[in-house]
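start-v1.txt (compact mmCIF, C-alpha atoms and all ligand atoms) appears below.
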```
# COMPACT_ATOMS: atom_id res chain seq x y z
CA MET A 1 29.81 -54.43 -178.66
CA LYS A 2 29.16 -50.70 -178.82
CA VAL A 3 31.90 -48.10 -178.35
CA GLY A 4 30.65 -44.70 -177.13
CA VAL A 5 32.65 -41.52 -177.75
CA LEU A 6 32.02 -38.94 -175.01
CA LYS A 7 32.00 -35.18 -175.41
CA GLU A 8 34.76 -33.92 -173.10
CA THR A 9 33.70 -31.73 -170.19
CA THR A 10 37.02 -30.39 -168.81
CA PRO A 11 36.99 -26.59 -169.26
CA GLY A 12 39.07 -25.60 -172.31
CA GLU A 13 39.24 -29.18 -173.60
CA ARG A 14 38.63 -29.16 -177.35
CA ARG A 15 39.88 -32.64 -178.20
CA VAL A 16 37.75 -35.70 -178.92
CA ALA A 17 38.89 -39.28 -178.32
CA LEU A 18 37.83 -40.67 -181.71
CA VAL A 19 37.72 -39.01 -185.15
CA PRO A 20 35.51 -40.07 -188.09
CA GLU A 21 38.46 -41.60 -189.98
CA MET A 22 38.71 -44.35 -187.35
CA VAL A 23 35.02 -45.34 -187.36
CA PRO A 24 35.21 -47.78 -190.32
CA ARG A 25 38.23 -49.55 -188.78
CA LEU A 26 36.35 -50.21 -185.55
CA ARG A 27 33.27 -51.32 -187.46
CA GLU A 28 35.38 -53.80 -189.45
CA ALA A 29 36.38 -55.32 -186.11
CA GLY A 30 32.71 -55.86 -185.25
CA LEU A 31 32.29 -52.78 -183.05
CA GLU A 32 29.41 -50.34 -183.41
CA VAL A 33 30.30 -46.70 -182.80
CA LEU A 34 28.10 -44.24 -180.91
CA VAL A 35 29.12 -40.59 -180.73
CA GLN A 36 27.70 -38.09 -178.26
CA SER A 37 26.23 -35.25 -180.27
CA GLY A 38 28.72 -32.38 -180.55
CA ALA A 39 31.65 -34.48 -179.26
CA GLY A 40 33.91 -33.45 -182.16
CA ASP A 41 32.81 -29.82 -182.50
CA GLY A 42 35.81 -28.33 -180.68
CA ALA A 43 38.20 -30.13 -183.04
CA TRP A 44 36.15 -29.40 -186.21
CA PHE A 45 34.75 -32.92 -186.60
CA ALA A 46 31.01 -32.42 -187.16
CA ASP A 47 28.32 -34.92 -186.17
CA SER A 48 27.57 -35.30 -189.89
CA ALA A 49 31.15 -36.48 -190.57
CA TYR A 50 30.83 -39.21 -187.91
CA ALA A 51 27.42 -40.21 -189.27
CA GLN A 52 28.82 -40.41 -192.81
CA ALA A 53 31.62 -42.65 -191.52
CA GLY A 54 29.03 -45.04 -190.07
CA ALA A 55 28.60 -43.89 -186.45
CA ALA A 56 25.28 -43.25 -184.69
CA ILE A 57 24.89 -39.81 -183.11
CA VAL A 58 23.29 -40.11 -179.67
CA SER A 59 22.66 -38.15 -176.46
CA ARG A 60 24.96 -38.63 -173.48
CA ASP A 61 22.32 -40.64 -171.61
CA GLU A 62 21.76 -42.97 -174.58
CA LEU A 63 25.51 -43.41 -174.92
CA LEU A 64 25.98 -44.29 -171.27
CA SER A 65 23.14 -46.77 -171.25
CA GLU A 66 24.06 -48.52 -174.54
CA ALA A 67 27.85 -48.46 -174.83
CA GLY A 68 29.90 -51.38 -173.51
CA ILE A 69 33.10 -49.36 -173.95
CA VAL A 70 33.11 -45.62 -173.20
CA VAL A 71 36.08 -43.71 -174.62
CA ALA A 72 37.25 -40.28 -173.55
CA ILE A 73 40.45 -38.26 -173.60
CA SER A 74 40.68 -37.88 -169.86
CA ARG A 75 38.69 -38.57 -166.72
CA PRO A 76 35.01 -37.76 -167.30
CA ASP A 77 33.03 -35.59 -164.89
CA GLU A 78 31.17 -36.92 -161.85
CA PRO A 79 27.74 -37.34 -163.52
CA VAL A 80 29.33 -39.65 -166.14
CA ILE A 81 31.34 -41.58 -163.56
CA GLY A 82 28.19 -41.92 -161.47
CA ALA A 83 26.26 -43.35 -164.43
CA LEU A 84 28.86 -46.01 -165.32
CA ARG A 85 27.77 -49.52 -164.42
CA ALA A 86 29.32 -52.89 -163.66
CA GLY A 87 30.72 -54.61 -166.74
CA GLN A 88 31.16 -51.36 -168.66
CA ALA A 89 34.69 -50.30 -169.71
CA LEU A 90 36.06 -46.76 -169.52
CA VAL A 91 39.06 -45.99 -171.77
CA GLY A 92 41.18 -42.81 -171.65
CA LEU A 93 44.15 -41.12 -170.01
CA LEU A 94 42.89 -41.78 -166.48
CA ASN A 95 46.11 -41.10 -164.54
CA PRO A 96 45.63 -43.79 -161.86
CA LEU A 97 49.12 -43.27 -160.42
CA VAL A 98 48.28 -39.68 -159.62
CA ASP A 99 44.86 -40.53 -158.16
CA PRO A 100 44.73 -44.22 -157.22
CA GLY A 101 41.59 -43.53 -155.19
CA PHE A 102 39.74 -42.93 -158.46
CA ALA A 103 40.82 -46.37 -159.67
CA ALA A 104 39.63 -47.91 -156.42
CA ALA A 105 36.23 -46.22 -156.86
CA LEU A 106 35.87 -47.58 -160.42
CA ALA A 107 36.85 -51.06 -159.24
CA ALA A 108 34.21 -50.88 -156.51
CA LYS A 109 31.59 -50.11 -159.18
CA GLY A 110 32.73 -53.10 -161.25
CA VAL A 111 33.88 -50.85 -164.10
CA THR A 112 36.84 -52.00 -166.21
CA ALA A 113 39.20 -48.99 -166.32
CA ILE A 114 41.66 -48.96 -169.22
CA SER A 115 44.23 -46.19 -169.07
CA LEU A 116 46.49 -45.37 -171.99
CA ASP A 117 49.10 -43.86 -169.67
CA GLY A 118 49.84 -47.35 -168.32
CA LEU A 119 51.11 -48.57 -171.70
CA PRO A 120 54.58 -50.20 -171.69
CA ARG A 121 56.07 -47.50 -173.92
CA THR A 122 59.32 -49.16 -174.85
CA LEU A 123 57.51 -52.17 -176.36
CA PRO A 124 57.77 -51.74 -180.16
CA ARG A 125 54.32 -53.28 -180.89
CA ALA A 126 52.72 -50.76 -178.48
CA GLN A 127 54.08 -47.66 -180.18
CA GLY A 128 50.98 -47.02 -182.28
CA MET A 129 48.94 -46.96 -179.05
CA ASP A 130 51.18 -44.49 -177.22
CA ALA A 131 48.92 -41.52 -176.47
CA LEU A 132 51.40 -39.99 -174.01
CA THR A 133 53.89 -39.68 -176.85
CA SER A 134 51.39 -38.40 -179.42
CA GLN A 135 50.04 -35.75 -177.07
CA ALA A 136 53.50 -34.77 -175.81
CA ASN A 137 54.57 -34.22 -179.41
CA VAL A 138 51.66 -31.84 -179.95
CA ALA A 139 52.38 -30.06 -176.66
CA GLY A 140 56.10 -29.64 -177.34
CA TYR A 141 55.41 -28.14 -180.76
CA LYS A 142 52.86 -25.69 -179.36
CA ALA A 143 55.12 -24.74 -176.40
CA ALA A 144 57.72 -23.35 -178.79
CA LEU A 145 55.03 -21.35 -180.62
CA VAL A 146 53.59 -20.04 -177.34
CA GLY A 147 57.09 -18.97 -176.24
CA ALA A 148 57.77 -17.26 -179.57
CA ALA A 149 54.41 -15.47 -179.53
CA ALA A 150 54.94 -14.09 -176.02
CA PHE A 151 58.56 -13.04 -176.66
CA ALA A 152 58.85 -9.37 -177.61
CA ARG A 153 61.68 -10.01 -180.08
CA PHE A 154 62.38 -12.36 -183.02
CA PHE A 155 63.45 -16.01 -182.69
CA PRO A 156 65.67 -15.99 -185.83
CA LEU A 157 68.73 -13.94 -186.69
CA LEU A 158 67.38 -11.20 -188.95
CA ILE A 159 69.61 -8.88 -190.94
CA THR A 160 67.59 -6.03 -192.42
CA ALA A 161 68.17 -2.44 -193.50
CA ALA A 162 66.66 -1.44 -190.13
CA GLY A 163 69.36 -3.33 -188.27
CA THR A 164 70.36 -6.79 -187.17
CA ALA A 165 68.35 -8.82 -184.64
CA ARG A 166 70.31 -11.49 -182.81
CA PRO A 167 68.59 -14.88 -182.53
CA ALA A 168 66.69 -15.70 -179.33
CA LYS A 169 68.40 -18.01 -176.85
CA VAL A 170 65.97 -20.77 -175.90
CA LEU A 171 66.57 -23.25 -173.08
CA VAL A 172 64.50 -26.46 -172.93
CA LEU A 173 64.49 -28.21 -169.54
CA GLY A 174 63.48 -31.86 -169.80
CA THR A 175 64.19 -33.54 -173.13
CA GLY A 176 61.69 -36.39 -173.33
CA VAL A 177 59.18 -36.48 -176.16
CA ALA A 178 57.77 -32.97 -175.58
CA GLY A 179 61.17 -31.39 -174.97
CA LEU A 180 62.65 -32.82 -178.17
CA GLN A 181 59.68 -31.57 -180.20
CA ALA A 182 60.01 -28.12 -178.56
CA ILE A 183 63.71 -28.07 -179.49
CA GLY A 184 62.97 -29.02 -183.10
CA THR A 185 60.26 -26.39 -183.42
CA ALA A 186 62.33 -23.60 -181.80
CA LYS A 187 65.25 -24.53 -184.10
CA ARG A 188 62.98 -24.35 -187.15
CA LEU A 189 61.95 -20.85 -186.00
CA GLY A 190 65.64 -19.92 -185.98
CA ALA A 191 66.43 -19.76 -182.25
CA VAL A 192 69.73 -20.84 -180.73
CA VAL A 193 68.65 -23.73 -178.49
CA SER A 194 70.23 -25.34 -175.43
CA ALA A 195 68.71 -28.14 -173.39
CA TYR A 196 69.16 -30.09 -170.17
CA ASP A 197 67.79 -33.35 -168.81
CA VAL A 198 68.64 -35.39 -165.77
CA ARG A 199 68.91 -38.46 -168.06
CA PRO A 200 72.26 -37.96 -169.81
CA GLN A 201 71.34 -40.48 -172.52
CA THR A 202 69.17 -37.77 -174.11
CA LYS A 203 72.34 -35.77 -174.97
CA SER A 204 72.79 -37.41 -178.37
CA GLU A 205 69.11 -36.86 -179.28
CA VAL A 206 69.40 -33.18 -178.31
CA GLU A 207 72.59 -32.76 -180.32
CA SER A 208 71.12 -34.51 -183.35
CA LEU A 209 68.50 -31.73 -183.45
CA GLY A 210 71.22 -29.09 -183.56
CA ALA A 211 70.89 -27.93 -179.95
CA SER A 212 73.61 -27.95 -177.30
CA PHE A 213 73.28 -30.11 -174.21
CA ILE A 214 74.03 -28.59 -170.82
CA GLU A 215 75.70 -30.94 -168.36
CA LEU A 216 75.40 -30.06 -164.68
CA THR A 217 78.35 -30.90 -162.43
CA SER A 218 76.34 -30.96 -159.19
CA VAL A 219 73.78 -33.68 -160.13
CA GLY A 220 74.61 -37.15 -161.41
CA PRO A 221 72.49 -39.17 -163.85
CA ALA A 222 68.98 -39.92 -162.57
CA ALA A 223 67.45 -42.38 -165.01
CA GLY A 224 64.68 -44.46 -163.43
CA GLU A 225 62.65 -47.39 -164.74
CA GLY A 226 61.01 -47.73 -168.18
CA GLY A 227 63.03 -44.91 -169.77
CA TYR A 228 61.73 -42.34 -167.26
CA ALA A 229 63.60 -40.18 -164.78
CA ARG A 230 63.57 -41.00 -161.07
CA ALA A 231 62.61 -38.39 -158.49
CA LEU A 232 65.68 -36.55 -157.15
CA THR A 233 66.57 -36.47 -153.45
CA GLU A 234 66.10 -33.16 -151.63
CA GLU A 235 69.88 -32.57 -151.75
CA GLU A 236 70.08 -33.28 -155.48
CA ARG A 237 67.09 -31.04 -156.09
CA GLN A 238 68.66 -28.08 -154.34
CA ALA A 239 72.00 -28.55 -156.11
CA GLN A 240 70.21 -28.81 -159.46
CA GLN A 241 68.11 -25.69 -158.89
CA ALA A 242 71.16 -23.68 -157.80
CA GLU A 243 73.28 -24.72 -160.78
CA LEU A 244 70.46 -24.25 -163.27
CA THR A 245 69.87 -20.68 -162.05
CA GLY A 246 73.02 -19.40 -163.77
CA HIS A 247 72.07 -21.06 -167.08
CA ILE A 248 68.48 -19.82 -166.91
CA ALA A 249 69.60 -16.18 -166.47
CA ARG A 250 71.53 -16.37 -169.75
CA HIS A 251 68.48 -17.33 -171.83
CA ASP A 252 65.56 -15.37 -173.29
CA VAL A 253 62.94 -18.11 -173.42
CA ILE A 254 62.72 -21.15 -171.13
CA ILE A 255 60.46 -24.12 -171.92
CA THR A 256 60.09 -26.63 -169.09
CA THR A 257 58.77 -30.16 -169.71
CA ALA A 258 60.16 -32.19 -166.79
CA GLN A 259 57.95 -34.94 -165.39
CA VAL A 260 58.38 -37.96 -163.15
CA PRO A 261 55.51 -40.48 -163.58
CA GLY A 262 52.94 -40.32 -160.80
CA ARG A 263 54.77 -37.54 -158.93
CA ARG A 264 54.57 -33.79 -158.66
CA PRO A 265 56.55 -32.18 -161.51
CA PRO A 266 60.02 -31.26 -160.19
CA LEU A 267 60.63 -27.56 -159.49
CA LEU A 268 63.45 -26.50 -161.83
CA VAL A 269 63.03 -22.72 -162.07
CA THR A 270 62.99 -21.15 -158.61
CA GLU A 271 61.90 -17.68 -157.59
CA ASP A 272 65.60 -16.67 -157.41
CA ALA A 273 66.15 -17.96 -160.95
CA ILE A 274 63.24 -15.88 -162.23
CA LYS A 275 64.58 -12.79 -160.42
CA ALA A 276 67.91 -13.24 -162.20
CA MET A 277 66.28 -13.17 -165.66
CA ALA A 278 66.18 -10.07 -167.86
CA ALA A 279 62.96 -8.12 -168.38
CA GLY A 280 61.17 -9.39 -171.48
CA SER A 281 62.18 -13.01 -170.90
CA VAL A 282 59.51 -15.70 -171.21
CA ILE A 283 59.01 -19.00 -169.38
CA VAL A 284 56.58 -21.63 -170.71
CA ASP A 285 55.83 -24.16 -167.95
CA MET A 286 54.46 -27.32 -169.55
CA GLY A 287 54.42 -28.99 -166.14
CA ALA A 288 51.87 -26.51 -164.76
CA GLY A 289 48.84 -28.37 -163.44
CA PRO A 290 46.90 -29.14 -160.29
CA LEU A 291 49.97 -30.78 -158.69
CA GLY A 292 52.20 -27.74 -159.24
CA GLY A 293 54.72 -27.10 -162.00
CA ASN A 294 58.38 -26.83 -162.98
CA VAL A 295 58.38 -23.09 -162.35
CA ALA A 296 57.88 -21.24 -159.05
CA GLY A 297 54.59 -19.31 -159.04
CA SER A 298 53.29 -20.58 -162.38
CA VAL A 299 49.50 -20.88 -162.56
CA PRO A 300 47.80 -23.37 -164.94
CA ASP A 301 46.36 -21.77 -168.09
CA THR A 302 47.41 -18.30 -166.92
CA GLU A 303 50.01 -15.78 -168.06
CA ILE A 304 51.71 -13.84 -165.25
CA VAL A 305 54.22 -11.00 -165.61
CA THR A 306 56.59 -10.82 -162.62
CA GLU A 307 57.79 -7.56 -161.04
CA ASN A 308 61.06 -7.85 -162.96
CA GLY A 309 59.24 -8.24 -166.28
CA VAL A 310 59.39 -11.99 -166.85
CA THR A 311 56.31 -13.57 -168.47
CA VAL A 312 55.50 -16.94 -166.85
CA ILE A 313 52.95 -19.00 -168.81
CA GLY A 314 51.27 -21.99 -167.14
CA ALA A 315 50.93 -24.28 -170.14
CA GLY A 316 50.14 -27.78 -168.89
CA ALA A 317 47.17 -28.31 -171.24
CA LEU A 318 48.65 -27.48 -174.65
CA PRO A 319 47.37 -30.52 -176.61
CA ALA A 320 43.84 -29.15 -176.22
CA THR A 321 44.95 -26.01 -178.06
CA VAL A 322 45.87 -27.95 -181.23
CA PRO A 323 42.68 -30.00 -181.07
CA ALA A 324 42.38 -31.44 -184.57
CA ALA A 325 45.95 -32.78 -184.73
CA ALA A 326 45.86 -33.97 -181.13
CA SER A 327 42.48 -35.71 -181.60
CA SER A 328 43.54 -37.44 -184.83
CA ALA A 329 46.64 -38.82 -183.14
CA PHE A 330 44.78 -39.84 -179.97
CA ALA A 331 42.09 -41.54 -182.07
CA ARG A 332 44.74 -43.63 -183.82
CA ASN A 333 46.24 -44.60 -180.47
CA VAL A 334 42.93 -45.54 -178.85
CA SER A 335 41.74 -47.41 -181.95
CA ALA A 336 44.98 -49.40 -182.10
CA LEU A 337 44.56 -50.34 -178.45
CA LEU A 338 40.90 -51.32 -178.90
CA LEU A 339 41.69 -53.40 -181.96
CA HIS A 340 44.39 -55.14 -179.93
CA MET A 341 41.97 -55.90 -177.10
CA VAL A 342 38.84 -56.83 -179.05
CA SER A 343 38.12 -60.30 -180.30
CA ASP A 344 34.95 -61.20 -182.24
CA GLY A 345 33.51 -57.76 -181.50
CA GLU A 346 33.92 -58.16 -177.71
CA LEU A 347 36.50 -56.88 -175.26
CA ALA A 348 38.79 -59.79 -174.36
CA ILE A 349 40.62 -59.02 -171.13
CA ASP A 350 43.88 -60.99 -170.89
CA PRO A 351 46.13 -60.13 -167.92
CA ALA A 352 48.90 -62.30 -169.39
CA ASP A 353 49.32 -59.88 -172.30
CA GLU A 354 52.09 -57.36 -171.57
CA ILE A 355 50.15 -54.44 -173.06
CA GLN A 356 46.98 -55.27 -171.15
CA ALA A 357 48.92 -55.79 -167.90
CA GLY A 358 49.93 -52.13 -168.20
CA VAL A 359 46.69 -50.52 -169.34
CA VAL A 360 43.96 -52.53 -167.61
CA ILE A 361 43.76 -50.80 -164.24
CA THR A 362 40.58 -52.36 -162.82
CA HIS A 363 38.62 -55.45 -163.82
CA GLY A 364 36.11 -57.77 -162.18
CA GLY A 365 35.75 -55.51 -159.14
CA THR A 366 39.45 -55.21 -158.26
CA VAL A 367 42.43 -53.01 -159.06
CA VAL A 368 44.51 -55.34 -161.22
CA GLN A 369 47.33 -53.13 -162.50
CA ALA A 370 50.42 -53.75 -160.36
CA ALA A 371 51.64 -50.15 -159.97
CA THR A 372 48.22 -48.78 -158.97
CA ALA A 373 47.54 -51.73 -156.65
CA ALA A 374 50.93 -51.15 -154.96
CA LEU A 375 50.09 -47.48 -154.34
CA LEU A 376 46.73 -48.44 -152.85
CA ALA A 377 48.38 -51.04 -150.61
CA GLU A 378 50.65 -48.26 -149.26
CA ASN A 379 47.78 -45.83 -148.84
CA PRO A 380 44.35 -47.53 -148.95
CA THR A 381 42.52 -44.17 -148.99
CA GLY A 382 44.24 -43.50 -152.33
CA GLY A 383 45.53 -39.97 -151.71
CA THR A 384 46.98 -38.07 -154.67
CA ALA A 385 50.71 -38.12 -155.53
CA GLN A 386 53.28 -35.91 -153.78
P1 LIG B 401 58.25 -37.51 -169.15
O1 LIG B 401 57.11 -36.71 -169.70
O2 LIG B 401 57.99 -38.44 -168.01
O3 LIG B 401 59.39 -36.49 -168.68
C1 LIG B 401 59.91 -35.51 -169.54
C2 LIG B 401 61.39 -35.38 -169.30
O4 LIG B 401 61.63 -34.78 -168.04
C3 LIG B 401 62.15 -36.72 -169.28
O5 LIG B 401 63.11 -36.72 -170.32
C4 LIG B 401 62.77 -36.75 -167.89
O6 LIG B 401 64.05 -37.35 -167.89
C5 LIG B 401 62.85 -35.28 -167.57
N1 LIG B 401 63.03 -34.98 -166.14
C6 LIG B 401 62.40 -35.51 -165.08
N2 LIG B 401 62.85 -34.96 -163.93
C7 LIG B 401 63.78 -34.05 -164.27
C8 LIG B 401 64.60 -33.15 -163.55
N3 LIG B 401 64.56 -33.07 -162.21
N4 LIG B 401 65.45 -32.36 -164.23
C9 LIG B 401 65.51 -32.41 -165.59
N5 LIG B 401 64.76 -33.23 -166.35
C10 LIG B 401 63.91 -34.04 -165.69
O7 LIG B 401 58.99 -38.31 -170.26
P2 LIG B 401 58.51 -38.72 -171.72
O8 LIG B 401 58.72 -37.61 -172.63
O9 LIG B 401 57.14 -39.24 -171.60
O10 LIG B 401 59.51 -39.86 -172.11
C11 LIG B 401 60.10 -40.68 -171.13
C12 LIG B 401 60.96 -41.73 -171.74
O11 LIG B 401 60.17 -42.69 -172.44
C13 LIG B 401 62.00 -41.27 -172.72
O12 LIG B 401 63.15 -42.04 -172.47
C14 LIG B 401 61.46 -41.65 -174.02
O13 LIG B 401 62.47 -41.83 -174.99
C15 LIG B 401 60.81 -42.95 -173.66
N6 LIG B 401 59.86 -43.30 -174.66
C16 LIG B 401 60.15 -44.39 -175.40
C17 LIG B 401 59.29 -44.77 -176.39
C18 LIG B 401 59.61 -45.93 -177.21
O14 LIG B 401 60.56 -46.62 -176.97
N7 LIG B 401 58.83 -46.18 -178.21
C19 LIG B 401 58.14 -44.04 -176.62
C20 LIG B 401 57.87 -42.94 -175.84
C21 LIG B 401 58.75 -42.59 -174.85
```
Go through the file and emit its structure as structure tokens.
Ligand code: NAD
Amino acid sequence: MKVGVLKETTPGERRVALVPEMVPRLREAGLEVLVQSGAGDGAWFADSAYAQAGAAIVSRDELLSEAGIVVAISRPDEPVIGALRAGQALVGLLNPLVDPGFAAALAAKGVTAISLDGLPRTLPRAQGMDALTSQANVAGYKAALVGAAAFARFFPLLITAAGTARPAKVLVLGTGVAGLQAIGTAKRLGAVVSAYDVRPQTKSEVESLGASFIELTSVGPAAGEGGYARALTEEERQAQQAELTGHIARHDVIITTAQVPGRRPPLLVTEDAIKAMAAGSVIVDMGAGPLGGNVAGSVPDTEIVTENGVTVIGAGALPATVPAAASSAFARNVSALLLHMVSDGELAIDPADEIQAGVVITHGGTVVQAATAALLAENPTGGTAQ
């Protein structure tokens, strides 16, 4: 079977789903690798490096007509989707819980959709395939750097002949994978870091990184299924926003990473909270995307300075800004998943396998993944998440 590596088309996307290092491993498993010309350019992986590793460099049309498995970072553009045919597999971060209608459309075409965001993440044998974790790690690291670069003062305590600079006070909201990496990076830069999450079990992880954990008195624990948070009720949300406002005003740099799978990112930093911040403060909103963000008024991929001098950075697409590291990690994840699912050089779909039950979204003309199918049963037109 042939695996085709697409060149990403999302504006600003510099990652590539497979890097040359992984080509020999796939070939050993009986897979041929086709790479769309220029696919790795944005991440500094030249066509010649793929060719040297044993891949064939092809045009997009050749790739789409020859590949049995098409791999991408995220959802390809309409011309690619339109060209996919029955029996072909599409692998990437396809986000079916956010847009189940897309899954339904792929099922109708007979395409097998395999989405890495459906992976059962707490399963130890799936950890090497966990692209959400690998990309969140990259994003959390970069968020701290983006915050430091936009802040008009130092992160560390500096004692010089020209005076003493106090360390920056950084607050990380949401302490999953990205939040913990942001804490570690901000600490390494010398900031004094505090953090908050609605899942109190993250307290020990936060403290082990040398940050202090903020406990809110107005909101109880809100752990959901699979290690994720549940969505808060309207009452809880308001209480949380009000209590957080006081903490936010005491910090110089805020990094928000809060997510609830398949839902709009929760709003944690309100307009009132921003108004209470000092001029020169910085907010990095990693939740900023088409569904909204964690911060009132944040705009994806845009830096805004409010009337009271607070810089709000919409930073929902940070992995694409560290493209070589993010691509190498993604390539390992996607290769591990393919090697798990391929037998004798062919894709072997097995719904009884726990990993496949999570990642195989559509197969044989139907939506087979339970969570996506449940959403479509509720709303057959497949509207996007609220
Ligand atoms: P995520 O991206 O879904 O969310 C980021 C963080 O936002 C989470 O910690 C969540 O609790 C928090 N959050 C959500 N709503 C919030 C709110 N209203 N206020 C404050 N915080 C809020 O999460 P993630 O980083 O992908 O990780 C989710 C979980 O999966 C974690 O428990 C993580 O440890 C677990 N995980 C486990 C493994 C493993 O076992 N190998 C691998 C990866 C992740």
TODO: Select, from A:Leu268, A:Leu97, A:Ile81, A:Val193, the residue with the minimum atom-to-atom distance to ligand LIG 401 (chain B), counting only C-alpha atoms and all ligand atoms.
DONE: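 The closest residue to ligand LIG 401 (chain B) is A:Leu268.
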TODO: Would you kindly return, as an NGL selection string, each protein, DNA or RNA residue with an atom no farther than 10 Å from any atom of segment 357-374 of chain A, considering only C-alpha atoms and excluding same-chain residues fewer than 2 positions away?
DONE: :A and (86-101 or 103-121 or 262 or 337 or 349-355 or 376-380 or 382)
Determine the axis-aligned bounding box of all atoms of ligand LIG 401 (chain B) present in the file, pad each side by 6 Å, and express its centre and edge lengths in Å to one decimal place as JSON.
```
{"center_x": 61.3, "center_y": -39.5, "center_z": -170.2, "size_x": 20.4, "size_y": 26.3, "size_z": 28.0}
```
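Residues with any atom within 10 Å of the point (38.5, -54.9, -185.2), counting all atoms listed in the file, are Pro24, Arg25, Leu26, Arg27, Glu28, Ala29, Gly30, Leu31, Ser335, Ala336, Leu338, Leu339, His340, Met341, Val342, Ser343, Asp344, Gly345 and Glu346 of chain A.
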Could you produce a table of the residues of segment 218-267 of chain A lying within 7 Å of segment 279-282 of chain A, with the nearest pair of atoms per residue and their separation in Å rounded to one decimal, using all atoms listed in the file, ordered by chain and increasing residue number, as a Markdown table?
```
| residue | atom | partner | partner_atom | distance |
| --- | --- | --- | --- | --- |
| A:Asp252 | CA | A:Ser281 | CA | 4.8 |
| A:Val253 | CA | A:Val282 | CA | 4.7 |
| A:Ile254 | CA | A:Val282 | CA | 6.3 |
```
Task: Close residues to ligand LIG 401 (chain B) using only C-alpha atoms and all ligand atoms, limit 8 Å, as a ChimeraX atom specification - done: /A:121-124,126-127,130,132-133,136,173-179,196-199,202,222-223,226-232,237,240,257-261,265-268
TODO: Calculate how many Å separate atom CA of Ala278 of chain A from atom CA of Asn308 of chain A, rounding to one decimal.
DONE: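 Interatomic distance here is 7.4 Å.
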Open item on the list: So, with all atoms listed in the file as the atoms that count, which of A:Thr185, A:Thr256, A:Gln201, A:Thr270 lies closest to Gly287 of chain A?
Closed with: A:Thr256
TODO: For atom CA of Ala296 of chain A and atom CA of Gln238 of chain A, quote the distance in Å rounded to one decimal.
DONE: 13.6 Å
- [ ] Write out as an NGL selection string the residues lying within 8 Å of Gly289 of chain A, counting all atoms listed in the file and excluding same-chain residues fewer than 3 positions away.
- [x] :A and (292-293 or 299-300 or 314 or 316-317)
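The closest residue to Ala144 of chain A, picked from A:Val35, A:Ser218, A:Ile255, A:Arg250 and counting all atoms listed in the file, is A:Ile255.
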TODO: Rounded to one decimal place, report the atom CA of Leu64 of chain A-atom CA of Asp47 of chain A distance in Å.
DONE: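 Those two atoms sit 17.8 Å apart.
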TODO: Find the residue from A:Ile57, A:Ala152, A:Val295, A:Leu375 that sits nearest to Ala39 of chain A; use all atoms listed in the file when measuring.
DONE: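 Ranked by minimum distance to Ala39 of chain A, first place goes to A:Ile57.
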Open item on the list: What's around Ser204 of chain A at 12 Å? Count all atoms listed in the file, leave out sequence neighbours fewer than 6 positions away in its own chain, and write the answer as a list in words.
Closed with: Thr175, Leu180, Ala195, Tyr196, Asp197, Gly210, Ala211, Ser212, Phe213 and Ile214 of chain A
Can you spit out the residues from that selection as a JSON list (two decimals), in the coordinates of the input, using C-alpha atoms?
```json
[["chain", "number", "residue", "atom", "x", "y", "z"],
["A", 175, "THR", "CA", 64.19, -33.54, -173.13],
["A", 180, "LEU", "CA", 62.65, -32.82, -178.17],
["A", 195, "ALA", "CA", 68.71, -28.14, -173.39],
["A", 196, "TYR", "CA", 69.16, -30.09, -170.17],
["A", 197, "ASP", "CA", 67.79, -33.35, -168.81],
["A", 210, "GLY", "CA", 71.22, -29.09, -183.56],
["A", 211, "ALA", "CA", 70.89, -27.93, -179.95],
["A", 212, "SER", "CA", 73.61, -27.95, -177.30],
["A", 213, "PHE", "CA", 73.28, -30.11, -174.21],
["A", 214, "ILE", "CA", 74.03, -28.59, -170.82]]
```
Task: Residues within 8 Å of Leu209 of chain A, only C-alpha atoms, excluding chain neighbours under 2 positions, as a PyMOL selection string - done: chain A and resi 180+183-184+187+205-207+211
TODO: Give the answer as one residue: which of A:Ala239, A:Phe102, A:Met1, A:Leu318 has the shortest atom-to-atom distance to Gly68 of chain A, using all atoms listed in the file?
DONE: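 Counting all atoms listed in the file, the residue closest to Gly68 of chain A is A:Met1.
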Open item on the list: Report as a list in words all protein, DNA and RNA residues lying within 8 Å of Val3 of chain A, evaluated on all atoms listed in the file, omitting residues in the same chain fewer than 5 positions from it.
Closed with: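 Counting only the stated atoms, we get Leu31, Glu32, Val33, Leu34, Ala67, Gly68, Ile69, Val70 and Val71 of chain A.
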Serialized selection, C-alpha atoms, as a compact mmCIF listing (two decimals), keeping the file's coordinate frame:
```txt
# COMPACT_ATOMS: atom_id res chain seq x y z
CA LEU A 31 32.29 -52.78 -183.05
CA GLU A 32 29.41 -50.34 -183.41
CA VAL A 33 30.30 -46.70 -182.80
CA LEU A 34 28.10 -44.24 -180.91
CA ALA A 67 27.85 -48.46 -174.83
CA GLY A 68 29.90 -51.38 -173.51
CA ILE A 69 33.10 -49.36 -173.95
CA VAL A 70 33.11 -45.62 -173.20
CA VAL A 71 36.08 -43.71 -174.62
```
Open item on the list: With distances taken over all atoms listed in the file, which residue among A:Arg166, A:Lys142, A:Lys7, A:Arg14 lies nearest Met286 of chain A?
Closed with: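 Closest to Met286 of chain A, using all atoms listed in the file: A:Lys142.
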